[in-house]
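Student: Here's a structure for you.
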Amino acid sequence: MEMLTPEEGRMAVRLARMTIERAVNGERMILPPLPPVFEERRGVFVTIKRHGLLRGCIGLPYPIKPLGEAIIEAATSAALEDPRFPPVSRSEVADLEIEVTVLTPPRPLECPPLERPQHVEVGRHGLIVSGLGRTGLLLPQVATEYGWNSREFLDQTCLKAGLPPGCWRRGDVAVLTFEGQVIEEQAV
């Protein structure tokens, strides 16, 4: 995956913020003119924090839409539809910190289930655990933020899917990895 340039990263975060501002006012965001990279199909997540605490995080893990459209969809959903939180209100917008994570396509871990921890690189890989009718995803930066090792990261992704920790050891549970370019609003 080609990384976004610093300027494209700033554009991605600005697009997410403008989308959130419009969404909380009941307005739709119209895609502005953007560089060609925003027309490439990419997976993306938009994370919203308020005073350093998670306030919403939703995305499209697979490259099914052009990046610009995917950012608008993810930002709107993170602000208004994350089931863990009430919708973001107008009064909160000034206090929000926005993060955009552009993803590589997810790939299955090609190893026996018990060897999966040795193939997960904390700080580099994000995880998708899928099985028994459930799926959970954690972004690469989550394991680093919580100081997890690869086994803890796998266990926590199982929990995110609503599965028991350790289910990643099962042959009928798939584990996929992906990488992400994390663009923080305050860093741009």
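Naming scheme: A, B, ... for chains in displayed order of the structure tokens; residues 1 onward per chain; ligands 1 onward as shown.
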Tell me which protein, DNA and RNA residues are within 8 Å of Ile72 in chain A, counting only C-alpha atoms, leaving out same-chain ones fewer than 6 positions away, and put them as a list in words.
Tutor: Leu15, Ala16, Thr19, Met29 and Leu31 of chain A
Student: Which of range 50-159 of chain A end up as strand (DSSP E or B) when DSSP is run on this backbone - answer as a ChimeraX atom specification?
Tutor: /A:50,53-60,66,96-103,107-108,126-131,134-138
Student: Which one of A:Ala75, A:Met11, A:Val182, A:Met18 sits closest to Val102 in chain A if you count only C-alpha atoms?
Tutor: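 So, comparing all the options, the nearest one is A:Val182.
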Student: Got a sec: who's within 10 Å of Val37 in chain A, counting only C-alpha atoms, leaving out chain neighbours fewer than 5 positions off, as a list of chain:residue names?
Tutor: A:Glu2, A:Met3, A:Leu4, A:Thr5, A:Glu8, A:Arg42, A:Pro66, A:Leu67, A:Gly68
Student: Got time to write the residues from that selection, C-alpha atoms, as a PDB file, in the first residue's frame?
Tutor:
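Just written: part.pdb:
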```
ATOM      1  CA  GLU A   2       1.295   3.417  -0.887  1.00  0.00           C
ATOM      2  CA  MET A   3       1.351   5.684   2.145  1.00  0.00           C
ATOM      3  CA  LEU A   4      -0.408   9.022   2.133  1.00  0.00           C
ATOM      4  CA  THR A   5       1.905  12.003   2.023  1.00  0.00           C
ATOM      5  CA  GLU A   8      -2.755  13.980   1.998  1.00  0.00           C
ATOM      6  CA  ARG A  42      -8.890   1.593   0.677  1.00  0.00           C
ATOM      7  CA  PRO A  66     -12.771   5.032  -2.734  1.00  0.00           C
ATOM      8  CA  LEU A  67     -10.852   6.446   0.234  1.00  0.00           C
ATOM      9  CA  GLY A  68     -12.639   9.820   0.193  1.00  0.00           C
TER      10      GLY A  68
END
```
Student: Compile the contact shell of Pro113 in chain A as a list in words: residues with an atom at most 10 Å away, counting only C-alpha atoms, same-chain residues fewer than 3 positions apart removed.
Tutor: Leu109, Glu110, Arg116, Pro117, Cys167, Trp168, Arg169, Arg170, Gly171, Asp172, Val173, Ala174 and Val175 of chain A
Student: Please, could you write that set of residues out with N, CA and C atoms as a PDB file, in the first residue's frame?
Tutor:
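Result file out.pdb:
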```pdb
ATOM      1  N   LEU A 109      -3.669 -15.130   8.394  1.00  0.00           N
ATOM      2  CA  LEU A 109      -2.401 -15.617   8.941  1.00  0.00           C
ATOM      3  C   LEU A 109      -2.227 -17.052   8.436  1.00  0.00           C
ATOM      4  N   GLU A 110      -1.173 -17.279   7.691  1.00  0.00           N
ATOM      5  CA  GLU A 110      -0.920 -18.601   7.098  1.00  0.00           C
ATOM      6  C   GLU A 110       0.027 -19.391   7.990  1.00  0.00           C
ATOM      7  N   ARG A 116       0.050 -18.747  15.885  1.00  0.00           N
ATOM      8  CA  ARG A 116      -0.396 -17.396  15.526  1.00  0.00           C
ATOM      9  C   ARG A 116       0.290 -16.284  16.318  1.00  0.00           C
ATOM     10  N   PRO A 117       0.511 -16.443  17.633  1.00  0.00           N
ATOM     11  CA  PRO A 117       1.169 -15.342  18.360  1.00  0.00           C
ATOM     12  C   PRO A 117       2.547 -14.979  17.797  1.00  0.00           C
ATOM     13  N   CYS A 167      -9.853 -18.308  21.687  1.00  0.00           N
ATOM     14  CA  CYS A 167     -10.521 -18.957  20.559  1.00  0.00           C
ATOM     15  C   CYS A 167      -9.659 -18.918  19.295  1.00  0.00           C
ATOM     16  N   TRP A 168      -8.658 -18.046  19.272  1.00  0.00           N
ATOM     17  CA  TRP A 168      -7.750 -17.973  18.124  1.00  0.00           C
ATOM     18  C   TRP A 168      -6.947 -19.257  17.941  1.00  0.00           C
ATOM     19  N   ARG A 169      -6.952 -20.125  18.956  1.00  0.00           N
ATOM     20  CA  ARG A 169      -6.249 -21.412  18.861  1.00  0.00           C
ATOM     21  C   ARG A 169      -7.026 -22.435  18.034  1.00  0.00           C
ATOM     22  N   ARG A 170      -8.277 -22.136  17.722  1.00  0.00           N
ATOM     23  CA  ARG A 170      -9.144 -23.074  17.011  1.00  0.00           C
ATOM     24  C   ARG A 170      -8.921 -23.000  15.500  1.00  0.00           C
ATOM     25  N   GLY A 171      -8.973 -24.130  14.856  1.00  0.00           N
ATOM     26  CA  GLY A 171      -8.833 -24.184  13.407  1.00  0.00           C
ATOM     27  C   GLY A 171     -10.019 -23.603  12.659  1.00  0.00           C
ATOM     28  N   ASP A 172     -11.202 -23.566  13.314  1.00  0.00           N
ATOM     29  CA  ASP A 172     -12.386 -23.019  12.646  1.00  0.00           C
ATOM     30  C   ASP A 172     -12.579 -21.527  12.934  1.00  0.00           C
ATOM     31  N   VAL A 173     -11.585 -20.901  13.530  1.00  0.00           N
ATOM     32  CA  VAL A 173     -11.591 -19.450  13.760  1.00  0.00           C
ATOM     33  C   VAL A 173     -10.461 -18.852  12.927  1.00  0.00           C
ATOM     34  N   ALA A 174     -10.823 -17.922  12.048  1.00  0.00           N
ATOM     35  CA  ALA A 174      -9.837 -17.286  11.167  1.00  0.00           C
ATOM     36  C   ALA A 174      -9.233 -16.067  11.848  1.00  0.00           C
ATOM     37  N   VAL A 175      -7.945 -15.863  11.628  1.00  0.00           N
ATOM     38  CA  VAL A 175      -7.266 -14.660  12.102  1.00  0.00           C
ATOM     39  C   VAL A 175      -6.635 -13.993  10.888  1.00  0.00           C
TER      40      VAL A 175
END
```
